[in-house]
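Okay, structure first, notes after.
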Amino acid sequence: MPRIQPLNHADAQGKAKDLLDTVKKKMGGTPNILTTMAQSPAALESYLNFSGTLGGGTFSAGLREQIAMAAAGANSCEYCAAAHTAIGKGAGVDGGELTKSLDGEPTDPKAAAAVRLTRILVEKRGFASDEDIRDFKAAGFDDGQVVELVANVALNIFTNYFNHVAQTDIDFPKVKVPQLAGA
């Protein structure tokens, strides 16, 4: 049962209603994470703007989904793993590759470098070594993409933590996620 209740879209008013109407128009529905986040229109608007802006970055939609899966795996976020599996498939990423990204081991070398650095950033709270950054760049990424990866990781940590706190009901097909010790 959720700790924070989703806002019923039909009952939403003001900024929350405007934001949820925009989401529904764009996505055809309003996922539970967003109706729950709508309890704070400022948080929802910030998330939508951050996510939308990163969507115009240099990473493909598929790579962004693999990064999201890596963060979900590192943080044991069942909601995000389920959501990004569905979204990732829609972005053209093979389901097996999404599962491998969740586990931190995709087969594509460039995606593997992004997933590896994602997990390092999550697990070490951003304290990547010079070697970690060098390895990422050796896979064909540049300084701007280091920055963009950090931004994508931060966005996904926000949603992972949000779902842990809210205990958001999963409204996508469930995905098995390894549990962290002590979680």
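Letters A, B, ... go to the chains of the structure tokens in the order shown; residues in each chain start at 1; ligands are counted from 1 in the same order.
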
DSSP on the backbone: what in chain A comes out alpha helix (DSSP H), as a PyMOL selection string?
chain A and resi 14-27+32-37+41-54+61-75+78-90+95-102+109-123+130-138+143-166

Determine, counting only C-alpha atoms, which protein, DNA and RNA residues have an atom within 10 Å of an atom of Ala91 in chain A; residues of the same chain fewer than 6 positions away are not included. Present the result as a PyMOL selection string.
chain A and resi 60-65+84-85

Once you have the residues from the selection above, write them out as a CSV table (one decimal), in the first residue's frame, restricted to N, CA and C atoms.
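Full text of selection-v5.csv as output:
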```csv
chain,number,residue,atom,x,y,z
A,60,SER,N,21.0,8.6,-26.7
A,60,SER,CA,19.7,8.1,-27.4
A,60,SER,C,18.7,7.7,-26.3
A,61,ALA,N,17.5,7.6,-26.7
A,61,ALA,CA,16.4,7.2,-25.7
A,61,ALA,C,16.7,5.9,-25.2
A,62,GLY,N,17.3,5.0,-26.0
A,62,GLY,CA,17.6,3.6,-25.5
A,62,GLY,C,18.7,3.6,-24.5
A,63,LEU,N,19.7,4.4,-24.7
A,63,LEU,CA,20.8,4.5,-23.7
A,63,LEU,C,20.3,5.1,-22.4
A,64,ARG,N,19.5,6.1,-22.5
A,64,ARG,CA,18.9,6.7,-21.3
A,64,ARG,C,18.1,5.7,-20.5
A,65,GLU,N,17.4,4.8,-21.2
A,65,GLU,CA,16.7,3.7,-20.5
A,65,GLU,C,17.6,2.7,-19.9
A,84,HIS,N,10.9,1.4,-16.7
A,84,HIS,CA,12.0,1.5,-17.7
A,84,HIS,C,12.1,0.3,-18.6
A,85,THR,N,11.7,-0.8,-18.1
A,85,THR,CA,11.7,-2.0,-19.0
A,85,THR,C,10.6,-1.8,-20.1
```

Excluding range 165-171 of chain A and any residue of its chain fewer than 5 positions from it, enumerate the residues within 7 Å of it, using only C-alpha atoms, and give them as a list of chain:residue names.
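Result of the neighbour search: A:Met1, A:Pro2, A:Arg3, A:Ile4, A:Pro31, A:Asn32, A:Ile33, A:Tyr79.
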
Expected file: the selected residues, N, CA and C atoms, as a compact mmCIF listing (two decimals), in the first residue's frame:
```txt
# COMPACT_ATOMS: atom_id res chain seq x y z
N MET A 1 0.84 -1.18 0.00
CA MET A 1 0.00 0.00 0.00
C MET A 1 0.89 1.25 0.00
N PRO A 2 0.56 2.20 -0.83
CA PRO A 2 1.39 3.40 -0.91
C PRO A 2 1.39 4.19 0.40
N ARG A 3 2.55 4.77 0.71
CA ARG A 3 2.64 5.69 1.86
C ARG A 3 2.12 7.06 1.48
N ILE A 4 2.34 7.43 0.22
CA ILE A 4 1.84 8.70 -0.30
C ILE A 4 0.82 8.34 -1.37
N PRO A 31 0.92 7.61 -15.32
CA PRO A 31 1.48 6.57 -14.46
C PRO A 31 1.42 6.96 -12.98
N ASN A 32 1.35 5.95 -12.14
CA ASN A 32 1.24 6.19 -10.70
C ASN A 32 2.36 7.05 -10.14
N ILE A 33 3.57 6.91 -10.65
CA ILE A 33 4.65 7.75 -10.13
C ILE A 33 4.32 9.22 -10.31
N TYR A 79 9.72 -0.22 -8.94
CA TYR A 79 8.87 0.60 -9.80
C TYR A 79 9.65 1.04 -11.03
```

Quick one: residues within 12 Å of Lys15 in chain A, only C-alpha atoms counted, chain neighbours fewer than 4 positions away excluded, as a ChimeraX atom specification?
/A:9,19-22,38-45

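Between CA of Val177 in chain A and CA of Leu121 in chain A the interatomic distance comes to 18.9 Å.
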
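With only C-alpha atoms taken into account, the protein and nucleic acid residues at most 10 Å from Ala86 in chain A (excluding it and anything under 3 positions from it in its own chain) are Glu65, Cys80, Ala81, Ala82, Ala83, Lys89, Gly90, Ala91, Val93, Gly95, Leu98, Phe172, Pro173, Lys174 and Val175 of chain A.
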
Produce a file of the selected residues containing C-alpha atoms, as an mmCIF file, in the first residue's frame.
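part.cif, freshly written:
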```cif
data_model
loop_
_atom_site.group_PDB
_atom_site.id
_atom_site.type_symbol
_atom_site.label_atom_id
_atom_site.label_comp_id
_atom_site.auth_asym_id
_atom_site.auth_seq_id
_atom_site.Cartn_x
_atom_site.Cartn_y
_atom_site.Cartn_z
ATOM 1 C CA GLU A 65 16.682 3.731 -20.519
ATOM 2 C CA CYS A 80 11.625 2.119 -11.947
ATOM 3 C CA ALA A 81 12.791 -1.275 -13.202
ATOM 4 C CA ALA A 82 9.259 -2.092 -14.318
ATOM 5 C CA ALA A 83 8.621 1.333 -15.860
ATOM 6 C CA LYS A 89 11.279 -1.735 -25.106
ATOM 7 C CA GLY A 90 9.279 1.124 -26.632
ATOM 8 C CA ALA A 91 12.602 2.876 -27.356
ATOM 9 C CA VAL A 93 16.044 -1.807 -26.607
ATOM 10 C CA GLY A 95 14.311 -6.924 -23.226
ATOM 11 C CA LEU A 98 17.394 -4.145 -20.414
ATOM 12 C CA PHE A 172 3.717 -1.653 -15.314
ATOM 13 C CA PRO A 173 4.494 -5.366 -15.747
ATOM 14 C CA LYS A 174 6.628 -6.287 -12.742
ATOM 15 C CA VAL A 175 10.341 -7.053 -13.096
#
```
